[in-house]
file upload.cif (mmCIF, C-alpha atoms and all ligand atoms)
data_target
loop_
_atom_site.label_atom_id
_atom_site.label_comp_id
_atom_site.auth_asym_id
_atom_site.auth_seq_id
_atom_site.Cartn_x
_atom_site.Cartn_y
_atom_site.Cartn_z
CA MET A 62 12.91 22.49 -93.22
CA LEU A 63 15.73 24.95 -93.75
CA VAL A 64 15.05 28.30 -92.05
CA THR A 65 17.12 31.36 -91.22
CA GLY A 66 18.91 31.64 -87.91
CA ILE A 67 16.81 34.59 -86.83
CA GLU A 68 13.54 32.70 -87.40
CA ILE A 69 14.69 30.14 -84.87
CA LEU A 70 16.33 32.57 -82.46
CA ARG A 71 13.60 35.23 -82.44
CA HIS A 72 11.19 32.62 -81.06
CA ALA A 73 13.77 31.54 -78.48
CA HIS A 74 14.38 35.18 -77.49
CA GLU A 75 10.66 35.92 -77.13
CA ASN A 76 9.99 32.72 -75.18
CA ASN A 77 13.11 32.64 -73.01
CA TYR A 78 14.83 29.42 -74.06
CA ALA A 79 17.98 28.54 -76.00
CA VAL A 80 18.69 26.54 -79.13
CA GLY A 81 21.77 24.35 -79.53
CA ALA A 82 24.22 25.14 -82.31
CA PHE A 83 26.34 22.05 -82.86
CA ASN A 84 29.52 21.92 -84.95
CA VAL A 85 29.47 19.57 -87.94
CA ASN A 86 32.35 18.07 -89.91
CA ASN A 87 30.90 14.92 -91.48
CA MET A 88 27.72 12.99 -92.22
CA GLU A 89 27.54 11.09 -88.93
CA ILE A 90 27.61 14.31 -86.89
CA VAL A 91 24.90 15.87 -89.06
CA GLN A 92 22.73 12.75 -88.69
CA ALA A 93 23.25 12.58 -84.93
CA ILE A 94 22.11 16.20 -84.56
CA ILE A 95 19.08 15.88 -86.83
CA GLU A 96 17.93 12.61 -85.24
CA ALA A 97 18.25 14.16 -81.76
CA ALA A 98 16.29 17.22 -82.89
CA GLU A 99 13.52 15.16 -84.46
CA GLU A 100 13.23 12.80 -81.50
CA THR A 101 12.90 15.73 -79.09
CA ASN A 102 10.96 18.02 -81.45
CA SER A 103 13.61 20.74 -81.11
CA PRO A 104 14.65 23.47 -83.53
CA VAL A 105 18.38 23.23 -84.14
CA ILE A 106 21.36 24.98 -85.73
CA LEU A 107 23.98 23.05 -87.70
CA GLN A 108 27.17 25.06 -87.77
CA ALA A 109 30.46 24.64 -89.57
CA SER A 110 33.65 26.40 -88.55
CA GLN A 111 36.28 27.51 -91.05
CA GLY A 112 38.28 24.44 -89.99
CA GLY A 113 35.26 22.22 -90.70
CA LEU A 114 34.90 23.76 -94.15
CA LYS A 115 38.60 23.27 -94.84
CA TYR A 116 38.31 19.62 -93.80
CA ALA A 117 35.14 18.64 -95.68
CA GLY A 118 34.84 21.36 -98.32
CA VAL A 119 32.14 24.01 -98.39
CA GLU A 120 30.21 22.14 -101.12
CA TYR A 121 30.02 18.94 -99.07
CA ILE A 122 29.03 20.68 -95.86
CA ALA A 123 26.45 22.83 -97.65
CA ALA A 124 24.99 19.82 -99.48
CA LEU A 125 24.87 17.70 -96.31
CA GLY A 126 23.38 20.49 -94.23
CA LYS A 127 20.75 21.47 -96.78
CA LEU A 128 19.73 17.86 -97.45
CA ALA A 129 19.43 17.19 -93.72
CA ALA A 130 17.42 20.38 -93.20
CA HIS A 131 15.05 19.74 -96.11
CA LYS A 132 14.35 16.19 -94.91
CA ALA A 133 13.96 17.21 -91.26
CA LYS A 134 10.55 17.59 -89.60
CA VAL A 135 11.94 20.37 -87.39
CA PRO A 136 13.30 23.84 -88.26
CA VAL A 137 17.02 23.72 -89.05
CA ALA A 138 19.40 26.61 -89.78
CA LEU A 139 22.77 26.14 -91.50
CA HIS A 140 25.30 28.52 -89.99
CA LEU A 141 28.93 29.53 -90.56
CA ASP A 142 30.71 29.58 -87.19
CA HIS A 143 33.47 32.18 -86.54
CA GLY A 144 33.76 33.47 -90.10
CA THR A 145 36.72 35.84 -90.29
CA ASP A 146 37.11 36.14 -94.05
CA PHE A 147 34.68 38.23 -96.12
CA GLN A 148 35.10 36.10 -99.24
CA GLN A 149 34.51 32.86 -97.39
CA ILE A 150 31.38 34.29 -95.80
CA MET A 151 30.13 35.22 -99.28
CA LEU A 152 30.93 31.70 -100.48
CA CYS A 153 28.83 30.22 -97.69
CA ILE A 154 25.93 32.51 -98.56
CA ARG A 155 26.32 31.53 -102.23
CA HIS A 156 26.13 27.85 -101.22
CA GLY A 157 22.91 28.29 -99.29
CA PHE A 158 23.88 28.85 -95.66
CA SER A 159 20.94 30.53 -93.92
CA SER A 160 23.05 32.19 -91.21
CA VAL A 161 26.65 33.41 -90.97
CA MET A 162 28.91 34.66 -88.21
CA ILE A 163 31.32 37.49 -88.80
CA ASP A 164 33.87 37.28 -86.00
CA GLY A 165 35.51 40.70 -85.86
CA SER A 166 36.41 40.31 -82.18
CA LYS A 167 40.12 40.73 -82.82
CA TYR A 168 39.50 44.30 -84.01
CA GLY A 169 38.69 47.42 -82.03
CA LEU A 170 35.05 48.55 -81.74
CA GLU A 171 35.02 50.83 -84.81
CA GLU A 172 36.62 48.29 -87.11
CA ASN A 173 34.46 45.46 -85.77
CA ILE A 174 31.37 47.59 -86.49
CA ALA A 175 32.61 48.40 -90.01
CA ILE A 176 33.38 44.79 -91.00
CA THR A 177 30.12 43.55 -89.46
CA LYS A 178 28.10 46.18 -91.36
CA LYS A 179 29.76 45.16 -94.61
CA VAL A 180 28.69 41.52 -94.14
CA ILE A 181 25.19 42.48 -92.99
CA GLU A 182 24.55 44.66 -96.02
CA VAL A 183 25.00 41.66 -98.33
CA ALA A 184 23.58 38.95 -96.05
CA HIS A 185 20.37 40.80 -95.21
CA ALA A 186 19.84 41.66 -98.89
CA VAL A 187 19.54 37.93 -99.61
CA GLY A 188 17.70 36.94 -96.42
CA VAL A 189 20.62 35.46 -94.47
CA SER A 190 20.91 36.16 -90.73
CA VAL A 191 24.12 37.41 -89.12
CA GLU A 192 25.85 36.78 -85.79
CA ALA A 193 28.72 38.99 -84.63
CA GLU A 194 31.03 38.87 -81.62
CA LEU A 195 31.98 41.62 -79.21
CA GLY A 196 34.60 41.11 -76.51
CA LYS A 197 37.15 38.31 -76.87
CA ILE A 198 36.27 34.72 -75.94
CA GLY A 199 39.33 32.84 -74.69
CA GLY A 200 40.58 29.39 -75.71
CA THR A 201 41.10 27.61 -79.03
CA GLU A 202 38.51 27.02 -81.74
CA ASP A 203 40.29 25.50 -84.75
CA ASP A 204 42.55 28.23 -86.11
CA ILE A 205 41.27 30.95 -83.75
CA VAL A 206 43.44 31.06 -80.65
CA VAL A 207 42.87 33.60 -77.88
CA ASP A 208 45.26 33.46 -74.96
CA GLU A 209 43.64 33.69 -71.48
CA ARG A 210 45.39 37.02 -70.89
CA GLU A 211 43.98 38.48 -74.12
CA ALA A 212 40.39 37.41 -73.42
CA THR A 213 38.18 40.40 -72.58
CA PHE A 214 34.60 40.51 -71.39
CA THR A 215 31.92 42.27 -73.44
CA ASP A 216 31.27 45.84 -72.34
CA PRO A 217 27.47 46.37 -72.12
CA LYS A 218 27.69 50.01 -73.28
CA GLU A 219 29.76 49.00 -76.28
CA ALA A 220 27.28 46.20 -76.99
CA LYS A 221 24.46 48.76 -77.17
CA ILE A 222 26.44 50.97 -79.58
CA PHE A 223 27.42 47.90 -81.64
CA VAL A 224 23.87 46.59 -82.01
CA ASP A 225 22.39 50.04 -82.75
CA GLU A 226 24.97 50.76 -85.43
CA THR A 227 25.11 47.36 -87.13
CA ASN A 228 21.55 46.04 -86.75
CA VAL A 229 23.09 42.59 -86.15
CA ASP A 230 20.61 39.73 -85.63
CA TYR A 231 22.28 38.04 -82.65
CA LEU A 232 25.37 38.77 -80.64
CA ALA A 233 28.07 36.48 -79.21
CA VAL A 234 29.16 37.76 -75.82
CA ALA A 235 32.31 37.12 -73.79
CA VAL A 236 31.07 36.46 -70.26
CA GLY A 237 33.50 33.94 -68.79
CA THR A 238 33.35 30.93 -71.09
CA ALA A 239 36.25 29.72 -73.27
CA HIS A 240 36.63 27.38 -76.24
CA GLY A 241 37.94 23.84 -75.70
CA VAL A 242 38.39 21.75 -72.56
CA TYR A 243 38.31 23.72 -69.27
CA LYS A 244 41.11 23.34 -66.76
CA GLY A 245 38.96 24.37 -63.80
CA GLU A 246 35.26 25.19 -63.54
CA PRO A 247 34.25 28.22 -65.65
CA GLU A 248 32.73 31.13 -63.75
CA LEU A 249 30.16 33.04 -65.73
CA ASP A 250 29.45 36.74 -65.17
CA PHE A 251 25.67 36.48 -64.87
CA ASP A 252 25.15 40.17 -64.04
CA ARG A 253 26.90 41.04 -67.28
CA ILE A 254 24.61 38.76 -69.30
CA LYS A 255 21.58 40.37 -67.66
CA THR A 256 22.80 43.93 -68.28
CA ILE A 257 23.75 43.27 -71.90
CA LYS A 258 20.38 41.62 -72.57
CA GLU A 259 18.49 44.57 -71.07
CA MET A 260 20.52 47.02 -73.13
CA VAL A 261 20.41 45.30 -76.55
CA ASN A 262 17.21 43.20 -76.39
CA ILE A 263 18.24 40.73 -79.14
CA PRO A 264 19.17 37.02 -78.98
CA LEU A 265 22.53 36.48 -77.23
CA VAL A 266 24.98 33.69 -78.05
CA LEU A 267 27.14 31.70 -75.63
CA HIS A 268 30.33 30.22 -77.12
CA GLY A 269 32.63 27.71 -75.44
CA SER A 270 29.64 26.07 -73.78
CA SER A 271 31.01 22.51 -73.53
CA GLY A 272 31.96 21.67 -69.96
CA VAL A 273 29.93 24.51 -68.43
CA PRO A 274 27.96 23.16 -65.44
CA ASP A 275 24.25 22.56 -66.11
CA GLU A 276 23.17 25.04 -63.42
CA SER A 277 25.25 27.81 -65.00
CA ILE A 278 23.77 27.07 -68.42
CA LYS A 279 20.23 27.20 -67.00
CA ARG A 280 20.89 30.51 -65.30
CA ALA A 281 22.50 31.97 -68.43
CA VAL A 282 19.44 30.96 -70.46
CA SER A 283 17.08 32.49 -67.91
CA LEU A 284 19.02 35.78 -68.25
CA GLY A 285 18.89 35.95 -72.04
CA ILE A 286 21.21 33.48 -73.78
CA ASN A 287 19.35 32.03 -76.79
CA LYS A 288 22.00 30.24 -78.87
CA ILE A 289 24.43 27.84 -77.23
CA ASN A 290 27.47 26.60 -79.17
CA ILE A 291 28.70 23.08 -78.52
CA ASP A 292 31.69 21.48 -80.20
CA THR A 293 34.12 19.98 -77.65
CA ASP A 294 31.48 17.83 -75.88
CA LEU A 295 30.64 16.20 -79.24
CA ARG A 296 34.31 15.60 -79.97
CA ILE A 297 34.73 13.89 -76.59
CA ALA A 298 31.66 11.68 -77.15
CA PHE A 299 32.82 10.81 -80.69
CA ALA A 300 36.40 9.96 -79.76
CA THR A 301 35.52 8.06 -76.56
CA ALA A 302 32.99 5.85 -78.35
CA ILE A 303 35.45 5.00 -81.13
CA LYS A 304 38.27 4.25 -78.68
CA ASP A 305 35.97 2.03 -76.59
CA PHE A 306 34.66 0.18 -79.63
CA LEU A 307 38.13 -0.50 -81.02
CA ALA A 308 39.42 -1.58 -77.61
CA ASP A 309 36.65 -4.20 -77.49
CA ASN A 310 36.84 -5.07 -81.20
CA PRO A 311 40.45 -4.54 -82.28
CA ASP A 312 40.02 -6.56 -85.47
CA ASN A 313 36.94 -4.77 -86.74
CA ILE A 314 37.66 -2.77 -89.91
CA ASP A 315 34.09 -1.80 -90.92
CA PRO A 316 33.68 2.02 -90.88
CA ARG A 317 29.94 1.58 -90.28
CA LYS A 318 30.54 -0.52 -87.18
CA ILE A 319 33.22 1.85 -85.91
CA LEU A 320 31.31 5.09 -86.53
CA GLY A 321 27.86 3.78 -85.52
CA PRO A 322 28.56 3.89 -81.75
CA ALA A 323 30.15 7.35 -82.15
CA LYS A 324 26.99 8.66 -83.79
CA LYS A 325 24.84 7.12 -81.04
CA ALA A 326 27.02 8.63 -78.29
CA MET A 327 26.86 12.12 -79.85
CA LYS A 328 23.10 11.83 -80.25
CA GLU A 329 22.67 11.08 -76.54
CA VAL A 330 24.79 14.10 -75.60
CA ILE A 331 22.82 16.35 -77.98
CA LYS A 332 19.45 15.22 -76.62
CA LYS A 333 20.54 16.02 -73.07
CA LYS A 334 21.72 19.47 -74.18
CA MET A 335 18.41 20.15 -75.90
CA GLU A 336 16.59 19.26 -72.69
CA LEU A 337 18.89 21.53 -70.68
CA PHE A 338 18.58 24.46 -73.10
CA GLY A 339 14.77 24.29 -73.07
CA SER A 340 14.37 23.74 -76.82
CA VAL A 341 12.55 20.40 -76.49
CA GLY A 342 9.01 20.57 -77.91
CA ARG A 343 9.59 24.05 -79.40
CA ALA A 344 9.78 22.97 -83.06
O1 LIG A 401 31.90 28.24 -81.86
C1 LIG A 401 31.86 27.12 -81.30
C2 LIG A 401 31.80 26.99 -79.87
O2 LIG A 401 31.94 28.17 -79.22
C3 LIG A 401 32.16 25.69 -79.28
O3 LIG A 401 32.83 25.76 -78.04
O4 LIG A 401 34.12 23.64 -78.21
O5 LIG A 401 33.87 24.84 -76.06
O6 LIG A 401 31.92 23.68 -77.08
P1 LIG A 401 33.20 24.41 -77.29
ZN ZN A 402 32.89 29.75 -80.62
#
call {"tool": "encode", "arguments": {"input": "upload.cif", "output": "structure tokens"}}
result
Amino acid sequence: MLVTGIEILRHAHENNYAVGAFNVNNMEIVQAIIEAAEETNSPVILQASQGGLKYAGVEYIAALGKLAAHKAKVPVALHLDHGTDFQQIMLCIRHGFSSVMIDGSKYGLEENIAITKKVIEVAHAVGVSVEAELGKIGGTEDDIVVDEREATFTDPKEAKIFVDETNVDYLAVAVGTAHGVYKGEPELDFDRIKTIKEMVNIPLVLHGSSGVPDESIKRAVSLGINKINIDTDLRIAFATAIKDFLADNPDNIDPRKILGPAKKAMKEVIKKKMELFGSVGRA
């Protein structure tokens, strides 16, 4: 069933576990996520970035996501990831997304609050949940590029002001992760997660979670992370499986045979993440 993001994340927040939010760009990725969620009885969030929407079209992604959610035996939210454009966010709401992110992290606190409030006024009026971001998460996520030197951690006091003023449903925090493939091992600021959680008491979101060691993820969840975004790890599984298949079967031209192993590989990765995040059996 299709549910709002906050329905899924409120339960995770109250019961101290996290739900995976996996990036989708095509049917095989959607199916891999839903099959993994059903087989592990996990709630799940399908999310599309602006790049994903540009690639597939908002109508296709919305139709795929809603069909998958309606057919699924587990709760599914359809979420816009890193929305930076007010009109596109409205378009997603119009097409039935049940959750949207307004990423105003490139602005100062006041402007980020103002743009977030503007989105929330409309989204909440029609029952759509909202994620915002405070602090700047480093790395590259499609067309959003934040240089390492520009990345800034979330200030807990600012987080408190931000949440009080906007009434946002869940907050993405910058605590040491970055988008894309890590060069070294990421070091998370666990004290910061703990302090922010105590001060805002709403679900917190971890971006750039691919490649973060399992132990760090577990600790982050125990301290209050409730939504964990994964894109790069699915891309790696997808591309590796296709390369391996074509290396073994260079003459095969059947898209079903080529994409089948990719879907299977992504599904295995997703199931492991669900186990790690603690969402298994929570549907
Ligand atoms: O918004 C999406 C994520 O933060 C994905 O990050 O590609 O490092 O897994 P990742
Ligand atoms: Zn992100």
call {"tool": "residues_around", "arguments": {"input": "upload.cif", "residues": "Leu265 (chain A)", "least_positions_apart": "2", "cutoff": "8 Å", "atoms": "only C-alpha atoms", "output": "NGL selection string"}}
result
:A and (231-234 or 258 or 263 or 267 or 285-288)
call {"tool": "closest_residue", "arguments": {"input": "upload.cif", "among": "A:Thr101, A:Thr201, A:Asn313, A:Ser160", "to": "Glu68 (chain A)", "atoms": "only C-alpha atoms"}}
result
A:Ser160
call {"tool": "closest_residue", "arguments": {"input": "upload.cif", "among": "A:Val105, A:Leu195, A:Ala138, A:Ile67", "to": "ligand ZN 402 (chain A)", "atoms": "all atoms listed in the file"}}
result
A:Leu195
call {"tool": "atom_distance", "arguments": {"input": "upload.cif", "atom1": "CA of Lys334 (chain A)", "atom2": "CA of Arg296 (chain A)"}}
result
14.4 Å
call {"tool": "residues_near_ligand", "arguments": {"input": "upload.cif", "ligand": "ligand ZN 402 (chain A)", "cutoff": "8 Å", "atoms": "only C-alpha atoms and all ligand atoms", "output": "JSON, numbers by chain"}}
result
{"A": [142, 143, 198, 202, 240, 267, 268, 269, 290]}
call {"tool": "closest_atom_pairs", "arguments": {"input": "upload.cif", "of": "chain A", "to": "ligand LIG 401 (chain A)", "cutoff": "10 Å", "atoms": "all atoms listed in the file", "output": "JSON lines"}}
result
{"residue": "A:Ala82", "atom": "CA", "partner": "A:LIG401", "partner_atom": "C1", "distance": 8.0}
{"residue": "A:Phe83", "atom": "CA", "partner": "A:LIG401", "partner_atom": "C1", "distance": 7.7}
{"residue": "A:Asn84", "atom": "CA", "partner": "A:LIG401", "partner_atom": "C1", "distance": 6.8}
{"residue": "A:Gln108", "atom": "CA", "partner": "A:LIG401", "partner_atom": "O1", "distance": 8.2}
{"residue": "A:Ala109", "atom": "CA", "partner": "A:LIG401", "partner_atom": "O1", "distance": 8.6}
{"residue": "A:Ser110", "atom": "CA", "partner": "A:LIG401", "partner_atom": "O1", "distance": 7.2}
{"residue": "A:Leu141", "atom": "CA", "partner": "A:LIG401", "partner_atom": "O1", "distance": 9.3}
{"residue": "A:Asp142", "atom": "CA", "partner": "A:LIG401", "partner_atom": "O1", "distance": 5.6}
{"residue": "A:His143", "atom": "CA", "partner": "A:LIG401", "partner_atom": "O1", "distance": 6.3}
{"residue": "A:Gly144", "atom": "CA", "partner": "A:LIG401", "partner_atom": "O1", "distance": 9.9}
{"residue": "A:Met162", "atom": "CA", "partner": "A:LIG401", "partner_atom": "O1", "distance": 9.5}
{"residue": "A:Ile198", "atom": "CA", "partner": "A:LIG401", "partner_atom": "O2", "distance": 8.5}
{"residue": "A:Gly199", "atom": "CA", "partner": "A:LIG401", "partner_atom": "O5", "distance": 9.8}
{"residue": "A:Gly200", "atom": "CA", "partner": "A:LIG401", "partner_atom": "O5", "distance": 8.1}
{"residue": "A:Thr201", "atom": "CA", "partner": "A:LIG401", "partner_atom": "O4", "distance": 8.1}
{"residue": "A:Glu202", "atom": "CA", "partner": "A:LIG401", "partner_atom": "O4", "distance": 6.6}
{"residue": "A:Asp203", "atom": "CA", "partner": "A:LIG401", "partner_atom": "O4", "distance": 9.2}
{"residue": "A:Ile205", "atom": "CA", "partner": "A:LIG401", "partner_atom": "O1", "distance": 9.9}
{"residue": "A:Ala233", "atom": "CA", "partner": "A:LIG401", "partner_atom": "O2", "distance": 9.2}
{"residue": "A:Thr238", "atom": "CA", "partner": "A:LIG401", "partner_atom": "O5", "distance": 7.9}
{"residue": "A:Ala239", "atom": "CA", "partner": "A:LIG401", "partner_atom": "O5", "distance": 6.1}
{"residue": "A:His240", "atom": "CA", "partner": "A:LIG401", "partner_atom": "O5", "distance": 3.8}
{"residue": "A:Gly241", "atom": "CA", "partner": "A:LIG401", "partner_atom": "O5", "distance": 4.2}
{"residue": "A:Val242", "atom": "CA", "partner": "A:LIG401", "partner_atom": "O5", "distance": 6.5}
{"residue": "A:Tyr243", "atom": "CA", "partner": "A:LIG401", "partner_atom": "O5", "distance": 8.2}
{"residue": "A:Val266", "atom": "CA", "partner": "A:LIG401", "partner_atom": "O2", "distance": 9.0}
{"residue": "A:Leu267", "atom": "CA", "partner": "A:LIG401", "partner_atom": "O2", "distance": 7.0}
{"residue": "A:His268", "atom": "CA", "partner": "A:LIG401", "partner_atom": "O2", "distance": 3.3}
{"residue": "A:Gly269", "atom": "CA", "partner": "A:LIG401", "partner_atom": "O5", "distance": 3.2}
{"residue": "A:Ser270", "atom": "CA", "partner": "A:LIG401", "partner_atom": "O6", "distance": 4.7}
{"residue": "A:Ser271", "atom": "CA", "partner": "A:LIG401", "partner_atom": "O6", "distance": 3.8}
{"residue": "A:Gly272", "atom": "CA", "partner": "A:LIG401", "partner_atom": "O5", "distance": 7.1}
{"residue": "A:Val273", "atom": "CA", "partner": "A:LIG401", "partner_atom": "O5", "distance": 8.6}
{"residue": "A:Ile289", "atom": "CA", "partner": "A:LIG401", "partner_atom": "O2", "distance": 7.8}
{"residue": "A:Asn290", "atom": "CA", "partner": "A:LIG401", "partner_atom": "C2", "distance": 4.4}
{"residue": "A:Ile291", "atom": "CA", "partner": "A:LIG401", "partner_atom": "O6", "distance": 3.6}
{"residue": "A:Asp292", "atom": "CA", "partner": "A:LIG401", "partner_atom": "O4", "distance": 3.8}
{"residue": "A:Thr293", "atom": "CA", "partner": "A:LIG401", "partner_atom": "O4", "distance": 3.7}
{"residue": "A:Asp294", "atom": "CA", "partner": "A:LIG401", "partner_atom": "O6", "distance": 6.0}
{"residue": "A:Leu295", "atom": "CA", "partner": "A:LIG401", "partner_atom": "O6", "distance": 7.9}
{"residue": "A:Arg296", "atom": "CA", "partner": "A:LIG401", "partner_atom": "O4", "distance": 8.2}
{"residue": "A:Ile297", "atom": "CA", "partner": "A:LIG401", "partner_atom": "O4", "distance": 9.9}
call {"tool": "closest_residue", "arguments": {"input": "upload.cif", "among": "A:Glu171, A:Glu99, A:Glu194, A:Glu89", "to": "Phe299 (chain A)", "atoms": "all atoms listed in the file"}}
result
A:Glu89
call {"tool": "closest_residue", "arguments": {"input": "upload.cif", "among": "A:Ala220, A:Ala130, A:Leu114, A:Val137", "to": "Leu70 (chain A)", "atoms": "all atoms listed in the file"}}
result
A:Val137
call {"tool": "atom_distance", "arguments": {"input": "upload.cif", "atom1": "CA of Lys218 (chain A)", "atom2": "CA of Asp252 (chain A)"}}
result
13.7 Å
call {"tool": "residues_around", "arguments": {"input": "upload.cif", "residues": "Ile150 (chain A)", "least_positions_apart": "6", "cutoff": "12 Å", "atoms": "all atoms listed in the file", "output": "ChimeraX atom specification"}}
result
/A:109-111,114,119,140-144,156-164,176-177,179-181,183-184,189-192
call {"tool": "closest_residue", "arguments": {"input": "upload.cif", "among": "A:Cys153, A:Ile174, A:Val236, A:Met327", "to": "Tyr121 (chain A)", "atoms": "only C-alpha atoms"}}
result
A:Cys153
call {"tool": "closest_residue", "arguments": {"input": "upload.cif", "among": "A:Asn262, A:Asn77, A:Gln92, A:Asn102", "to": "Asp225 (chain A)", "atoms": "only C-alpha atoms"}}
result
A:Asn262
call {"tool": "residues_around", "arguments": {"input": "upload.cif", "residues": "Lys333 (chain A)", "least_positions_apart": "6", "cutoff": "12 Å", "atoms": "only C-alpha atoms", "output": "list in words"}}
result
Gly81, Ile94, Ala97, Ala98, Glu100, Thr101, Ser103, Asp275, Asp294, Leu295, Ala326, Met327, Gly339, Ser340 and Val341 of chain A
call {"tool": "atom_distance", "arguments": {"input": "upload.cif", "atom1": "CA of Pro136 (chain A)", "atom2": "CA of His185 (chain A)"}}
result
19.6 Å
call {"tool": "residues_around", "arguments": {"input": "upload.cif", "residues": "Lys167 (chain A)", "least_positions_apart": "2", "cutoff": "9 Å", "atoms": "only C-alpha atoms", "output": "list of chain:residue names"}}
result
A:Asp164, A:Gly165, A:Gly169, A:Asn173, A:Leu195, A:Gly196, A:Lys197
call {"tool": "residues_near_point", "arguments": {"input": "upload.cif", "point": "(24.2, 27.1, -64.6)", "cutoff": "12 Å", "atoms": "all atoms listed in the file", "output": "ChimeraX atom specification"}}
result
/A:238,246-251,270,272-284,286,337-338
call {"tool": "axis_aligned_box", "arguments": {"input": "upload.cif", "around": "region 254-262 of chain A", "padding_each_side": "5 Å", "output": "lines of an AutoDock Vina configuration file"}}
result
center_x = 20.9
center_y = 42.9
center_z = -72.1
size_x = 17.4
size_y = 18.3
size_z = 18.9
call {"tool": "residues_around", "arguments": {"input": "upload.cif", "residues": "Pro217 (chain A)", "least_positions_apart": "4", "cutoff": "8 Å", "atoms": "all atoms listed in the file", "output": "ChimeraX atom specification"}}
result
/A:221,253,256-257,260
call {"tool": "build_atoms", "arguments": {"input": "upload.cif", "residues": "region 63-75 of chain A", "atoms": "N, CA, C and O atoms", "output": "compact mmCIF listing (two decimals), in the coordinates of the input"}}
result
# COMPACT_ATOMS: atom_id res chain seq x y z
N LEU A 63 14.62 24.00 -93.95
CA LEU A 63 15.73 24.95 -93.75
C LEU A 63 15.15 26.33 -93.49
O LEU A 63 14.33 26.82 -94.27
N VAL A 64 15.53 26.95 -92.39
CA VAL A 64 15.05 28.30 -92.05
C VAL A 64 16.25 29.18 -91.70
O VAL A 64 17.36 28.67 -91.52
N THR A 65 16.01 30.47 -91.59
CA THR A 65 17.12 31.36 -91.22
C THR A 65 17.38 31.24 -89.71
O THR A 65 16.52 30.79 -88.95
N GLY A 66 18.56 31.68 -89.33
CA GLY A 66 18.91 31.64 -87.91
C GLY A 66 17.97 32.51 -87.09
O GLY A 66 17.54 32.13 -85.99
N ILE A 67 17.62 33.68 -87.63
CA ILE A 67 16.81 34.59 -86.83
C ILE A 67 15.38 34.07 -86.63
O ILE A 67 14.77 34.31 -85.59
N GLU A 68 14.87 33.29 -87.60
CA GLU A 68 13.54 32.70 -87.40
C GLU A 68 13.53 31.81 -86.17
O GLU A 68 12.60 31.83 -85.38
N ILE A 69 14.58 31.03 -86.02
CA ILE A 69 14.69 30.14 -84.87
C ILE A 69 14.95 30.94 -83.59
O ILE A 69 14.31 30.73 -82.55
N LEU A 70 15.87 31.88 -83.68
CA LEU A 70 16.33 32.57 -82.46
C LEU A 70 15.38 33.66 -81.98
O LEU A 70 15.35 33.97 -80.78
N ARG A 71 14.58 34.23 -82.88
CA ARG A 71 13.60 35.23 -82.44
C ARG A 71 12.58 34.56 -81.51
O ARG A 71 12.22 35.09 -80.46
N HIS A 72 12.15 33.35 -81.90
CA HIS A 72 11.19 32.62 -81.06
C HIS A 72 11.81 32.28 -79.70
O HIS A 72 11.16 32.41 -78.66
N ALA A 73 13.08 31.88 -79.74
CA ALA A 73 13.77 31.54 -78.48
C ALA A 73 13.89 32.78 -77.59
O ALA A 73 13.68 32.71 -76.37
N HIS A 74 14.23 33.90 -78.21
CA HIS A 74 14.38 35.18 -77.49
C HIS A 74 13.05 35.62 -76.86
O HIS A 74 13.00 36.04 -75.71
N GLU A 75 11.98 35.48 -77.63
CA GLU A 75 10.66 35.92 -77.13
C GLU A 75 10.09 34.97 -76.08
O GLU A 75 9.26 35.35 -75.28
